[in-house]
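Student: One structure, pasted below without further comment.
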Number of protein chains: 4
Amino acid sequence: MGSTFGTIFRIATWGESHGGGIGVVVEGCPPRLPLTEEDLQRDLDRRRPGQSRLTTQRDESDTAEILSGLFEGRTTGTPIAVLVRNADARPAAYEHLKDVYRPSHADYTYDAKYGIRNWQGGGRASARETIGRVAAGAIARRLLHQVAGIEVLAWVSRVHTIAADVDASSVTLEQVEADPTRCPDPDAAAAMTFAIEAARRDGDSLGGIVTCVARNVPPGLGDPVFDRLEADLAKAMLSLPAAKGFDIGSGFDAVAMTGREHNDPFVPGAGGPTTTGNRSGGVQGGISNGADVVCRVAFKPTATISSAQDTVNTSNEPVTLEARGRHDPCVLPRAVPMVEAMALLTLADHWLRQRSVDILAP
Amino acid sequence: MGSTFGTIFRIATWGESHGGGIGVVVEGCPPRLPLTEEDLQRDLDRRRPGQSRLTTQRDESDTAEILSGLFEGRTTGTPIAVLVRNADARPAAYEHLKDVYRPSHADYTYDAKYGIRNWQGGGRASARETIGRVAAGAIARRLLHQVAGIEVLAWVSRVHTIAADVDASSVTLEQVEADPTRCPDPDAAAAMTFAIEAARRDGDSLGGIVTCVARNVPPGLGDPVFDRLEADLAKAMLSLPAAKGFDIGSGFDAVAMTGREHNDPFVPGAGGPTTTGNRSGGVQGGISNGADVVCRVAFKPTATISSAQDTVNTSNEPVTLEARGRHDPCVLPRAVPMVEAMALLTLADHWLRQRSVDILAP
Amino acid sequence: MGSTFGTIFRIATWGESHGGGIGVVVEGCPPRLPLTEEDLQRDLDRRRPGQSRLTTQRDESDTAEILSGLFEGRTTGTPIAVLVRNADARPAAYEHLKDVYRPSHADYTYDAKYGIRNWQGGGRASARETIGRVAAGAIARRLLHQVAGIEVLAWVSRVHTIAADVDASSVTLEQVEADPTRCPDPDAAAAMTFAIEAARRDGDSLGGIVTCVARNVPPGLGDPVFDRLEADLAKAMLSLPAAKGFDIGSGFDAVAMTGREHNDPFVPGAGGPTTTGNRSGGVQGGISNGADVVCRVAFKPTATISSAQDTVNTSNEPVTLEARGRHDPCVLPRAVPMVEAMALLTLADHWLRQRSVDILAP
Amino acid sequence: MGSTFGTIFRIATWGESHGGGIGVVVEGCPPRLPLTEEDLQRDLDRRRPGQSRLTTQRDESDTAEILSGLFEGRTTGTPIAVLVRNADARPAAYEHLKDVYRPSHADYTYDAKYGIRNWQGGGRASARETIGRVAAGAIARRLLHQVAGIEVLAWVSRVHTIAADVDASSVTLEQVEADPTRCPDPDAAAAMTFAIEAARRDGDSLGGIVTCVARNVPPGLGDPVFDRLEADLAKAMLSLPAAKGFDIGSGFDAVAMTGREHNDPFVPGAGGPTTTGNRSGGVQGGISNGADVVCRVAFKPTATISSAQDTVNTSNEPVTLEARGRHDPCVLPRAVPMVEAMALLTLADHWLRQRSVDILAP
């Protein structure tokens with residue numbers, strides 16, 4: 001059941017790194033939304049490999065074809081199917097991996113679960129799988145913009161030990177896209193670039209943190225008690241490859257604060273109560289409060305490294321592995337559109353869910 | 001839709017702090033499992049208020065009645081309904097709060113979402129809501145023990161700035177329960193007790209971290225790509241009141257490591273490949289790998305404090321609030337069984353899900 | 001998973017014939033709906049046993065207690081839990097059945113599925129299980145009335161070979177409730193009464209048909225392609241005990257018509273196109289068209305009869321069974337509120353689902 | 001949400017009559033199942049147009065491409081995406097229909113629901129949509145055959161007033177496929193052919209009944225109380241275009257029987273209790289009992305006829321319509337593989353669901 005996400009705005013993704021392609025079916029997008037393939041391509045281009053020297057050199061244009069659900073430039077309310085063909089697949093390049101379990105990859109666990117494994121390029125566990133999410137996220141972005149002016153933006157806020165200084169409330173897409181690192185703090189971006197290139201040369205890899213903000217989120221989104229907005233965001237983010245942690249608002253830093261320091265005082269606002277701080281991260285009791293929703297996602301260093309590693313083969317015998325596939329020494333820059341997509345999908349679903357709550361006059 | 005959790009082992013919770021009671025309906029528990037009300041009570045007693053001077057003094061025995069789904073001491077495969085009556089409800093004690101939005105509580109957001117709010121004791125946003133989770137978690141615990149020997153244990157690993165030193169692979173329930181803080185490191189427990197009592201005297205509150213381990217988890221649990229084990233755990237944990245962050249294995253600390261440092265080398269094990277480290281936290285590619293599943297949940301300091309606070313009322317006018325309800329100066333000790341419950345529910349669901357995957361011989 | 005019904009307006013039922021009681025948790029009812037226990041009791045009283053000499057003499061008041069989800073007489077948007085205690089349970093009366101599989105009952109199949117069976121009064125397979133549905137249906141009725149003026153009414157249109165003559169577009173609740181048979185055609189009602197009493201004296205039982213109409217259903221409800229309105233109604237009705245068939249509009253009679261005879265011509269109506277006939281039964285392409293939704297449900301004769309029958313015991317040996325429990329010689333009169341409940345639940349869910357479709361201006 | 005079917009074996013279909021194509025994503029098929037595109041094509045060929053002079057002459061080869069989820073001829077446990085391109089689309093042929101609501105079609109209701117409508121060939125409401133179901137059904141067929149020897153077969157048992165005489169327990173696929181009508185009673189088949197051709201010449205259309213049997217269904221499938229096997233079958237069948245009714249076993253005929261006539265006596269069987277009759281249709285209390293599952297689906301006469309009809313246009317004005325598109329004068333022969341597909345999908349889902357029930361030893 002694991003390839004479906006969302007309840008009303010619901011997507012089903014499919015596809016492997018090598019094979020017929022990658023795609024997604026989006027159900028529940030309201031009818032009459034203007035939509036084009038260009039809307040999808042914009043985000044897919046930010047995700048695709050080969051954008052810069054910081055990313056894997058696999059050559060894929062990742063061109064999206066919308067197969068259904070559109071009529072004369074608008075959605076029809078029926079499922080929107082999107083297909084991206086795989087182009088630069090090189091199965092032979094993975095031949096040496098078919099009997100080896102790469103450390104901290106999904107090779108062993110896929111075999112443990114399914115008893116069979118498409119070892120070409122990581123199969124379903126490849127980051128190419130996120131193409132479907134990003135395409136669907138672009139549709140969610142179009143919807144949220146149209147119905148509520150909601151805007152979602154993510155950026156690289158940390159790589160290894162290099163932390164960026166970014167104002168979440170004012171940073172822009174242009175600032176994020178200005179550098180291949182997708183870090184909008186130029187000094188940090190320069191240091192990150194240096195560190196990533198050093199890691200590559202050293203056959204090593206780096207992790208980091210992506211921060212994401214959603215602006216103009218109306219109060220009322222999120223469904224206690226289990227489908228709290230932060231809970232669904234947490235699931236969304238931890239479903240991304242290489243994600244190891246999530247927090248919202250003050251997050252793990254809340255631990256070192258006292259209640260008096262941490263509480264966000266309410267003050268009268270023009271359209272209702274607002275808060276003077278935002279340690280809540282825009283969510284209280286699982287429901288958006290109208291402030292910016294701000295969360296962070298921790299990504300581990302890429303498991304694929306160009307150094308010899310001890311491991312075992314599929315016969316449970318020790319072997320030495322030397323990685324040779326194309327890969328990213330740091331996934332963070334390409335993770336940015338993925339994080340945005342997951343936030344967009346979560347918000348679109350909750351926005352539509354709230355339509356069935358907000359029925360009767362108070 | 002937010003009061004349902006799980007897909008096969010699925011629970012629906014209901015109830016408010018003040019009213020007819022709190023309960024849960026558990027669907028999908030396999031038939032023929034031995035089960036008694038005592039199995040539930042054991043965990044409910046760890047969650048209930050008034051256990052120690054560290055927790056709220058509300059007097060509730062939280063006695064569970066199983067209303068259905070059992071026959072002659074075993075489950076029948078039909079829904080198991082559990083009811084806990086509210087006893088020590090004092091709605092009058094909340095009368096002064098009915099027009100006030102307490103800072104960093106759910107008062108304002110519930111009004112924003114639903115246009116109506118049961119202000120007595122926090123209504124559905126009260127931590128009493130977790131009774132249903134803990135009762136259901138106890139059933140999941142019984143199931144996982146029976147079918148797979150899976151064991152789930154959580155403890156308080158940090159309060160404010162006080163971090164405990166605990167070996168996740170060997171710590172026992174007895175060690176956790178030995179102190180009212182539920183911190184199995186005696187020195188840290190003593191310091192935590194001191195800090196919590198100081199915070200109470202000061203009209204303030206503290207947050208912290210609960211660490212949770214699941215042992216004997218077989219390889220193969222978790223459903224890529226969206227229902228990865230860590231994604232469902234993240235959602236489970238972030239659905240708890242006051243939770244602000246989640247990570248698994250190395251978590252946020254992975255960020256400062258390189259791939260070479262972070263990867264868990266495989267070595268031949270008796271029953272298949274095992275790893276020499278566990279920075280993966282027992283999960284790779286979203287699927288359990290047989291190692292201990294280890295995760296952390298960050299809780300903010302309790303929003304209820306006994307100090308005057310600036311806020312607004314339901315007419316969006318500034319008011320000063322002085323809290324007077326019964327509350328915990330630190331939720332961490334009582335959060336321990338809640339965290340365990342959410343881990344148990346997640347694992348039970350995934351264990352059952354895997355039964356429909358593992359069908360055909362390799 | 002089988003005890004949950006609906007997607008947005010979603011219910012989870014629980015309970016057995018003998019045991020702690022019967023109940024339901026209703027999720028997704030919009031907040032601020034005025035609701036009282038009397039709203040539920042009205043329909044429960046039409047379902048309960050002992051209403052007339054035509055029904056089983058088990059003595060149950062079936063008094064509903066609402067445990068949560070209400071505040072000051074209105075729904076809060078949180079789950080509504082309803083509890084009905086079992087009163088007149090007589091487990092000893094079923095002792096002789098514990099090792100016997102009654103013909104055309106669920107005894108054998110429950111054992112085959114679950115490997116354990118609560119044989120007291122039929123356990124979960126008892127018609128008492130429908131209490132939860134009827135209580136939830138009453139909430140759906142209140143909602144649909146409030147938001148759209150939708151009205152659902154069912155009646156007994158046939159018992160055995162006796163068919164009633166009823167105008168589905170004008171028949172009223174008062175006419176249906178005027179006779180214990182719930183057949184609004186007085187002549188047919190008299191003949192049905194005679195036939196049911198004859199069957200009872202003869203130790204036999206009778207089946208029949210319930211017809212159901214939903215009026216004021218707005219155009220647009222139903223979600224092609226799988227969740228067509230008629231598909232969800234069919235599932236709803238076939239989930240009732242003893243139901244063997246469902247059809248909508250012309251139904252099985254459509255088979256003997258040609259397309260020219262069967263098509264419903266459109267004519268201009270005040271609020272949009274209307275049809276001159278209603279062989280479609282108010283649904284075209286899976287979506288309501290504004291005409292009355294009319295469907296029929298076939299019920300088999302009660303499996304419990306007071307005659308000796310050949311059967312087998314749990315050891316697969318031949319035995320002779322003489323039924324002795326309390327039962328209805330004809331379930332039809334009490335099936336009427338059950339059919340209404342299932343129609344109401346289906347419509348409420350689809351009405352709320354349509355809120356998330358009807359977003360953007362045409 | 002309406003384009004998803006099933007819970008564990010779950011499919012999402014997409015596509016319109018004219019456009020990028022038609023397809024389906026199948027989730028939850030267990031790994032390691034041998035599967036080829038030929039397995040799908042066999043059933044698709046029975047569904048496709050242009051097979052015989054009895055069906056529409058639209059020229060489509062309906063060639064299926066499996067895009068994911070297979071590796072070296074076996075399923076991998078990941079989603080299986082299937083794509084069928086539209087070839088013989090002639091949007092211009094529908095130009096005259098774009099402002100007209102055809103009687104008893106979905107034109108008006110799609111507009112009422114979505115506010116926009118792909119009028120080319122019926123868009124999503126076209127019977128071409130069932131391609132995805134049939135392709136997925138073929139995968140379910142492969143699975144059920146492999147794991148349990150379950151066999152599903154349907155046939156045309158009635159067209160208009162012509163009823164066939166067929167023994168459900170012994171009829172074979174060869175007998176069904178021997179005639180273009182898919183009626184295995186040669187005399188009835190000849191009469192049906194005559195009637196269908198007469199209807200076509202007369203610019204009219206005919207309906208009928210498809211009967212479906214599932215053999216070797218093990219006892220225990222079906223999830224009371226809502227997901228009874230017959231309830232899920234009813235939904236499955238009523239989701240098919242032009243379906244107006246469903247019954248199981250004795251079905252609507254049960255109404256004219258008494259309990260004594262209707263009950264199926266149990267007798268000791270080799271592998272457990274069996275019944276001497278099968279008025280239950282293989283299902284008791286919502287759960288399969290090991291006997292053949294036998295159900296019927298009523299289809300209305302095709303709404304498209306070649307005669308002038310009164311109707312309205314999208315401006316709610318009266319107009320006269322003369323149909324000109326390619327269509328079937330009787331959908332029954334092509335409905336046979338669709339009915340089989342829906343039965344297969346329902347059974348596969350319930351077979352997998354039962355794996356999570358049948359866990360603990362009795």
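Ordering of the structure tokens sets the chain letters (A, B, ...), residue numbers begin anew at 1 in every chain, and ligands are numbered from 1 in the order given.
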If you count only C-alpha atoms, which residues fall within 10 Å of segment 201-208 of chain D, apart from same-chain ones fewer than 3 positions away, as a VMD selection string?

Tutor: (chain C and resid 252 to 262) or (chain D and resid 156 to 163 192 195 to 198 242 to 243 297 to 308 323 327 to 333)

Student: Taking only residues of chain B that have an atom at most 6 Å from an atom of chain C, what is each one's shortest atom pair and its distance in Å to one decimal, using only C-alpha atoms, in chain and number order, as a Markdown table?

Tutor:
```
| residue | atom | partner | partner_atom | distance |
| --- | --- | --- | --- | --- |
| B:Met1 | CA | C:Gly28 | CA | 5.8 |
| B:Trp14 | CA | C:Pro79 | CA | 5.3 |
| B:Gly15 | CA | C:Ser68 | CA | 5.1 |
| B:Gly20 | CA | C:Leu67 | CA | 4.3 |
| B:Gly28 | CA | C:Met1 | CA | 5.7 |
| B:Pro31 | CA | C:Tyr114 | CA | 5.7 |
| B:Leu67 | CA | C:Gly20 | CA | 4.3 |
| B:Ser68 | CA | C:Gly15 | CA | 5.0 |
| B:Thr76 | CA | C:Ile116 | CA | 5.9 |
| B:Pro79 | CA | C:Trp14 | CA | 5.3 |
| B:Tyr114 | CA | C:Pro31 | CA | 5.7 |
| B:Ile116 | CA | C:Thr76 | CA | 5.9 |
```

Student: Apply DSSP to the structure's backbone, then extract all residues of segment 235-279 of chain B labelled strand (DSSP E) and return them as a PyMOL selection string.

Tutor: chain B and resi 243-248+266-269+272-275

Student: Deliver the residues from the most recent selection as a file, using N, CA and C atoms, as an mmCIF file, in the first residue's frame.

Tutor:
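Here's the written file part.cif:
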```cif
data_model
loop_
_atom_site.group_PDB
_atom_site.id
_atom_site.type_symbol
_atom_site.label_atom_id
_atom_site.label_comp_id
_atom_site.auth_asym_id
_atom_site.auth_seq_id
_atom_site.Cartn_x
_atom_site.Cartn_y
_atom_site.Cartn_z
ATOM 1 N N ALA B 243 4.536 17.207 20.917
ATOM 2 C CA ALA B 243 5.702 16.733 20.167
ATOM 3 C C ALA B 243 6.102 17.768 19.120
ATOM 4 N N LYS B 244 7.375 18.043 19.025
ATOM 5 C CA LYS B 244 7.867 19.031 18.053
ATOM 6 C C LYS B 244 8.899 18.472 17.092
ATOM 7 N N GLY B 245 9.425 17.271 17.367
ATOM 8 C CA GLY B 245 10.444 16.740 16.479
ATOM 9 C C GLY B 245 10.598 15.245 16.616
ATOM 10 N N PHE B 246 11.149 14.642 15.566
ATOM 11 C CA PHE B 246 11.357 13.196 15.518
ATOM 12 C C PHE B 246 12.625 12.942 14.751
ATOM 13 N N ASP B 247 13.430 11.994 15.228
ATOM 14 C CA ASP B 247 14.457 11.482 14.329
ATOM 15 C C ASP B 247 14.727 10.009 14.609
ATOM 16 N N ILE B 248 15.410 9.375 13.674
ATOM 17 C CA ILE B 248 15.637 7.933 13.748
ATOM 18 C C ILE B 248 17.118 7.642 13.534
ATOM 19 N N PHE B 266 27.932 -3.961 6.495
ATOM 20 C CA PHE B 266 27.324 -5.276 6.700
ATOM 21 C C PHE B 266 28.407 -6.305 7.016
ATOM 22 N N VAL B 267 28.059 -7.226 7.892
ATOM 23 C CA VAL B 267 28.906 -8.407 8.126
ATOM 24 C C VAL B 267 27.992 -9.629 8.147
ATOM 25 N N PRO B 268 28.554 -10.792 7.812
ATOM 26 C CA PRO B 268 27.717 -11.991 7.832
ATOM 27 C C PRO B 268 27.215 -12.258 9.254
ATOM 28 N N GLY B 269 25.923 -12.477 9.401
ATOM 29 C CA GLY B 269 25.348 -12.829 10.690
ATOM 30 C C GLY B 269 24.781 -14.232 10.618
ATOM 31 N N GLY B 272 21.588 -14.100 8.609
ATOM 32 C CA GLY B 272 21.619 -13.213 7.451
ATOM 33 C C GLY B 272 22.503 -12.032 7.770
ATOM 34 N N PRO B 273 22.627 -11.111 6.833
ATOM 35 C CA PRO B 273 23.501 -9.964 7.044
ATOM 36 C C PRO B 273 23.099 -9.155 8.281
ATOM 37 N N THR B 274 24.101 -8.714 9.013
ATOM 38 C CA THR B 274 23.848 -7.772 10.101
ATOM 39 C C THR B 274 24.819 -6.610 9.935
ATOM 40 N N THR B 275 24.608 -5.561 10.718
ATOM 41 C CA THR B 275 25.465 -4.388 10.581
ATOM 42 C C THR B 275 26.323 -4.242 11.838
#
```

Student: Rounded to one decimal in Å, what is the spacing between atom CA of Glu317 of chain D and atom CA of His350 of chain C?

Tutor: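 Separating atom CA of Glu317 of chain D from atom CA of His350 of chain C is a distance of 29.2 Å.
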
Student: Would you mind telling me which residue in A:Ala127, A:Val312, A:Ala138, A:Val166 lies nearest to Asp39 of chain A when using only C-alpha atoms?

Tutor: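 The shortest atom-to-atom distance to Asp39 of chain A comes from A:Ala138.
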
Student: Taking into account only C-alpha atoms, which residue in the set C:Ser315, C:Ala231, C:Leu321, C:Asp88 is nearest to Ala270 of chain D?

Tutor: C:Ser315
